[in-house]
Amino acid sequence: MAKVPVTVLTGYLGAGKTTLLNRILSEDHGKRYAVIVNEFGELGIDNDLVVGADEEVFEMNNGCICCTVRGDLIRIISGLMKRIERFDAVIIETTGLADPAPVAQTFFVDDDVRSKTELDAVVTVVDAKHLPARLDDSPEAAEQVAFADVVVLNKIDLVDADERQALERRIRAINPYTRIVAANHCDIPLEQVIGLGAFDLERIISLEPEFLSEEHAHEHDEQVKSISLTATRPLLPERFDRWIADVLSIDGVNILRCKGILDLLGQERRYVFQSVHMLANGTSTQPWQPDEARHSRLVFIGRDLDAEKLQAGFDACVAASPSSREQA
Amino acid sequence: MSQPATLLEQRGHQWQWSAYVLSACFDAANNLAFALGDGSLRLLPAGSQQAPQRVEVHEGMALSMAAAPGEGFVSGGDDGRCVRVAVDDTLHDLATFPGRWVDHVASHSNGVVACSEGKRLHLYAEGRDEIVREFPSTVGGICFSPDGYRIAVAHYGGVTLCATRSADATPVPLACPGSHLSVTWSPNARFVLSAMQEDCLRGWRLEDNDDLVMSGYATKVKSWSWFNGGRYLATSGSNCAPCWPFKGRKGPRGCAPETPGDNQSALVTAVAGDPAHPILGIGYDDGQVTVADIQSGQEVIIKPPGDGAVTSMAWSPNGAWLAFGTDAGFAGLFPVSG
């Protein structure tokens with residue numbers, strides 16, 4: 001049975017999360033959603049099921065200090081999956097100040113949740129006018145952008161073209177592979193926020209055109225930022241495995257997300273990799289085409305990242321000579 | 001060519017419904033009920049030759065069910081209701097919590113009924129005021145002590161033992177970091193055990209708080225059953241059904257569990273044992289149901305794989321019947337005496 005996709009909705013109070021939720025709930029989309037909210041507030045409930053949650057963040061006793069999960073979500077999602085009706089999607093609203101990591105990690109860690117549902121995307125709604133101030137004064141705002149597969153740049157009419165450009169640059173400096181969608185009153189097609197498969201390794205490449213573009217200029221000295229590593233020669237698989245496992249186990253607390261598309265020595269398929277803090281998964285996907293330039297790209301998003309050390313470690317995984325592929 | 005009839009088809013009864021079977025439960029008078037994901041209960045009075053009777057109880061789904069004191073059942077649902085269901089299918093609302101989920105229910109033969117919604121535990125007894133206790137996090141599971149004077153409550157950070165007849169008595173904390181998802185009290189009253197998010201059991205010997213860890217499970221332990229006069233606790237969560245010995249004063253400390261039902265291709269998802277004998281019903285995630293004698297080692301498959309994963313299992317108090325249900329709405333009742 002196909003797994004039910006789960007969309008996580010984050011964003012500061014007043015950014016427009018409730019507006020988006022109301023659109024999801026009221027629009028005539030012919031789908032049945034289960035929505036897990038913090039407060040019932042002004043939600044119009046029609047055909048869909050709305051469940052109230054208490055954000056209970058639990059530490060896991062698995063020797064990984066950053067591994068926290070949402071206990072209440074495990075309980076609610078396990079319950080939802082036993083109901084007689086099937087849901088087309090589950091949408092989880094988080095509180096304005098919430099760290100998205102425990103929600104995302106719940107979908108990596110818990111067997112029951114993982115067997116019936118899969119994380120589809122983290123969607124962060126931001127207020128175009130107020131985002132710069134939020135990024136300056138609160139680490140949570142930057143984390144929410146860092147985790148986002150989609151940033152809904154809401155209330156776009158309140159900023160001019162220059163402000164908008166600066167804002168998009170700033171978002172990309174934090175998170176180069178997020179998709180930015182501009183909106184007023186969250187008036188965006190729902191298919192741009194639901195059913196994206198952003199955590200689906202098979203779809204990572206096609207979904208993130210920005211991922212492959214060059215680095216963006218940094219105007220602000222962001223606390224949360226991204227580091228992009230590239231290699232044009234293949235990587236040694238075992239060395240890369242060992243290195244990335246070390247990096248995530250030592251610096252996983254500060255690495256919020258990591259995604260990569262890699263050319264591994266001796267493998268005809270792209271290896272796609274992603275992580276949330278210390279929890280990682282990877283798989284081989286589409287084959288490289290004969291006329292295609294093979295390369296590896298890996299992006300880390302996090303706090304206090306040591307760019308030189310990451311670069312050196314990554315470089316050490318690159319196969320020694322350009323001719324090594326021919327020999328392999 | 002048609003398949004040979006299964007033991008269940010030859011000797012027992014089986015039904016196919018359209019919703020997830022969450023719970024199978026016998027009351028003290030051996031009446032049987034199944035709680036379903038469509039909010040209904042299916043009632044089968046002891047000795048009835050009819051199909052179970054459908055009783056509409058909850059708006060959404062039933063989340064938990066227990067035998068009621070005396071006869072009948074108590075059911076909690078995601079419509080926020082805690083309902084007493086009599087065997088003649090009359091309903092009586094014990095409590096309603098609008099917008100909440102009643103996650104757990106339990107009862108004791110002394111007449112006390114307990115339910116939890118979110119972080120709160122509610123205790124009801126005739127002729128007394130309701131007792132409410134709030135915990136720092138959502139209640140994972142509840143279980144009465146054998147004498148009914150106390151109730152164990154599992155939550156994040158451990159288990160708390162509370163008095164059932166007084167709101168003033170100081171609760172006893174049994175601390176252990178992590179998320180505790182359910183709790184059980186040994187029939188000899190000496191041990192309390194909890195099942196954790198981290199695929200293990202924790203336990204406490206109450207006389208001296210000596211604590212136990214039972215690990216090695218492949219997944220969370222969601223089903224367990226005291227059987228053979230309380231000498232064993234059978235558990236799900238592995239490729240076999242580990243049965244921990246609780247014969248002596250030390251409990252399972254230093255002892256390996258019995259491991260009936262070894263199956264390389266499926267995980268045990270539900271267990272229920274004969275209250276008086278060393279015989280255990282074992283249900284798997286592929287739908288197979290086996291009955292195992294853990295003394296002789298003899299095992300009999302009463303139902304082959306298929307029809308969904310076994311979610312719940314119960315052995316009748318008189319030792320005569322084994323009932324089970326699956327996540328695909330299949331339910332069975334098998335005569336096990338003799």
# chains A, B, ... in the order shown; residues from 1 in each chain; ligands from 1

$ residues_around --residues "stretch 104-119 of chain A" --least-positions-apart "5" --cutoff "6 Å" --atoms "only C-alpha atoms" --output "VMD selection string"
chain A and resid 3 to 6 69

$ write_last_selection --atoms "N, CA and C atoms" --output "PDB file, in the first residue's frame"
ATOM      1  N   LYS A   3       2.469   4.750   0.711  1.00  0.00           N
ATOM      2  CA  LYS A   3       2.562   5.486   1.965  1.00  0.00           C
ATOM      3  C   LYS A   3       1.854   6.837   1.833  1.00  0.00           C
ATOM      4  N   VAL A   4       1.288   7.287   2.933  1.00  0.00           N
ATOM      5  CA  VAL A   4       0.575   8.564   2.922  1.00  0.00           C
ATOM      6  C   VAL A   4       1.608   9.687   3.061  1.00  0.00           C
ATOM      7  N   PRO A   5       1.596  10.650   2.130  1.00  0.00           N
ATOM      8  CA  PRO A   5       2.569  11.747   2.212  1.00  0.00           C
ATOM      9  C   PRO A   5       2.217  12.737   3.325  1.00  0.00           C
ATOM     10  N   VAL A   6       3.245  13.229   3.981  1.00  0.00           N
ATOM     11  CA  VAL A   6       3.046  14.157   5.094  1.00  0.00           C
ATOM     12  C   VAL A   6       3.766  15.469   4.803  1.00  0.00           C
ATOM     13  N   VAL A  69      12.371  13.479  18.821  1.00  0.00           N
ATOM     14  CA  VAL A  69      11.195  13.178  18.005  1.00  0.00           C
ATOM     15  C   VAL A  69       9.966  13.779  18.668  1.00  0.00           C
TER      16      VAL A  69
END

$ residues_around --residues "B:Val153" --least-positions-apart "5" --cutoff "9 Å" --atoms "only C-alpha atoms" --output "list in words"
Leu121, Phe135, Val139, Gly140, Gly141, Ile142, Cys143, Phe144, Gly158, Val159, Thr160, Leu161, Cys162, Ser182 and Val183 of chain B

$ write_last_selection --atoms "N, CA and C atoms" --output "PDB file, in the first residue's frame"
ATOM      1  N   LEU B 121      -5.132  11.552  33.635  1.00  0.00           N
ATOM      2  CA  LEU B 121      -5.718  10.264  34.016  1.00  0.00           C
ATOM      3  C   LEU B 121      -6.992  10.561  34.806  1.00  0.00           C
ATOM      4  N   PHE B 135      -0.113  14.505  34.321  1.00  0.00           N
ATOM      5  CA  PHE B 135       1.291  14.115  34.234  1.00  0.00           C
ATOM      6  C   PHE B 135       2.035  15.104  33.339  1.00  0.00           C
ATOM      7  N   VAL B 139       0.001  10.431  28.580  1.00  0.00           N
ATOM      8  CA  VAL B 139      -0.019   9.104  29.202  1.00  0.00           C
ATOM      9  C   VAL B 139       0.134   8.048  28.103  1.00  0.00           C
ATOM     10  N   GLY B 140       1.150   7.183  28.267  1.00  0.00           N
ATOM     11  CA  GLY B 140       1.413   6.156  27.265  1.00  0.00           C
ATOM     12  C   GLY B 140       0.612   4.887  27.501  1.00  0.00           C
ATOM     13  N   GLY B 141       0.327   4.584  28.760  1.00  0.00           N
ATOM     14  CA  GLY B 141      -0.420   3.375  29.064  1.00  0.00           C
ATOM     15  C   GLY B 141      -0.769   3.351  30.534  1.00  0.00           C
ATOM     16  N   ILE B 142      -1.786   2.561  30.889  1.00  0.00           N
ATOM     17  CA  ILE B 142      -2.202   2.461  32.293  1.00  0.00           C
ATOM     18  C   ILE B 142      -2.475   1.007  32.638  1.00  0.00           C
ATOM     19  N   CYS B 143      -2.263   0.657  33.914  1.00  0.00           N
ATOM     20  CA  CYS B 143      -2.531  -0.717  34.349  1.00  0.00           C
ATOM     21  C   CYS B 143      -2.777  -0.722  35.857  1.00  0.00           C
ATOM     22  N   PHE B 144      -3.865  -1.363  36.292  1.00  0.00           N
ATOM     23  CA  PHE B 144      -4.151  -1.464  37.716  1.00  0.00           C
ATOM     24  C   PHE B 144      -3.231  -2.489  38.380  1.00  0.00           C
ATOM     25  N   GLY B 158       9.327   7.839  32.602  1.00  0.00           N
ATOM     26  CA  GLY B 158       9.134   6.760  33.559  1.00  0.00           C
ATOM     27  C   GLY B 158       7.691   6.344  33.747  1.00  0.00           C
ATOM     28  N   VAL B 159       7.473   5.724  34.915  1.00  0.00           N
ATOM     29  CA  VAL B 159       6.152   5.220  35.284  1.00  0.00           C
ATOM     30  C   VAL B 159       5.833   5.809  36.649  1.00  0.00           C
ATOM     31  N   THR B 160       4.570   6.170  36.875  1.00  0.00           N
ATOM     32  CA  THR B 160       4.168   6.675  38.182  1.00  0.00           C
ATOM     33  C   THR B 160       3.076   5.766  38.739  1.00  0.00           C
ATOM     34  N   LEU B 161       3.216   5.405  40.019  1.00  0.00           N
ATOM     35  CA  LEU B 161       2.199   4.586  40.676  1.00  0.00           C
ATOM     36  C   LEU B 161       1.314   5.509  41.514  1.00  0.00           C
ATOM     37  N   CYS B 162       0.007   5.448  41.288  1.00  0.00           N
ATOM     38  CA  CYS B 162      -0.926   6.347  41.975  1.00  0.00           C
ATOM     39  C   CYS B 162      -1.975   5.524  42.701  1.00  0.00           C
ATOM     40  N   SER B 182       3.735   1.775  27.278  1.00  0.00           N
ATOM     41  CA  SER B 182       2.684   1.000  27.926  1.00  0.00           C
ATOM     42  C   SER B 182       3.255   0.412  29.203  1.00  0.00           C
ATOM     43  N   VAL B 183       2.373  -0.100  30.042  1.00  0.00           N
ATOM     44  CA  VAL B 183       2.816  -0.583  31.345  1.00  0.00           C
ATOM     45  C   VAL B 183       1.977  -1.791  31.753  1.00  0.00           C
TER      46      VAL B 183
END

$ interface_residues --of "chain A" --to "chain B" --cutoff "9 Å" --atoms "only C-alpha atoms" --output "PyMOL selection string"
chain A and resi 51-52+54+56+58-62+71-72+75+79-80+82-85+110-112

$ atom_distance --atom1 "atom CA of B:Pro173" --atom2 "atom CA of B:Ser236"
26.3 Å

$ atom_distance --atom1 "atom CA of B:Cys240" --atom2 "atom CA of B:Ala292"
11.1 Å

$ residues_around --residues "B:Ala68" --least-positions-apart "4" --cutoff "12 Å" --atoms "only C-alpha atoms" --output "count of residues only"
34
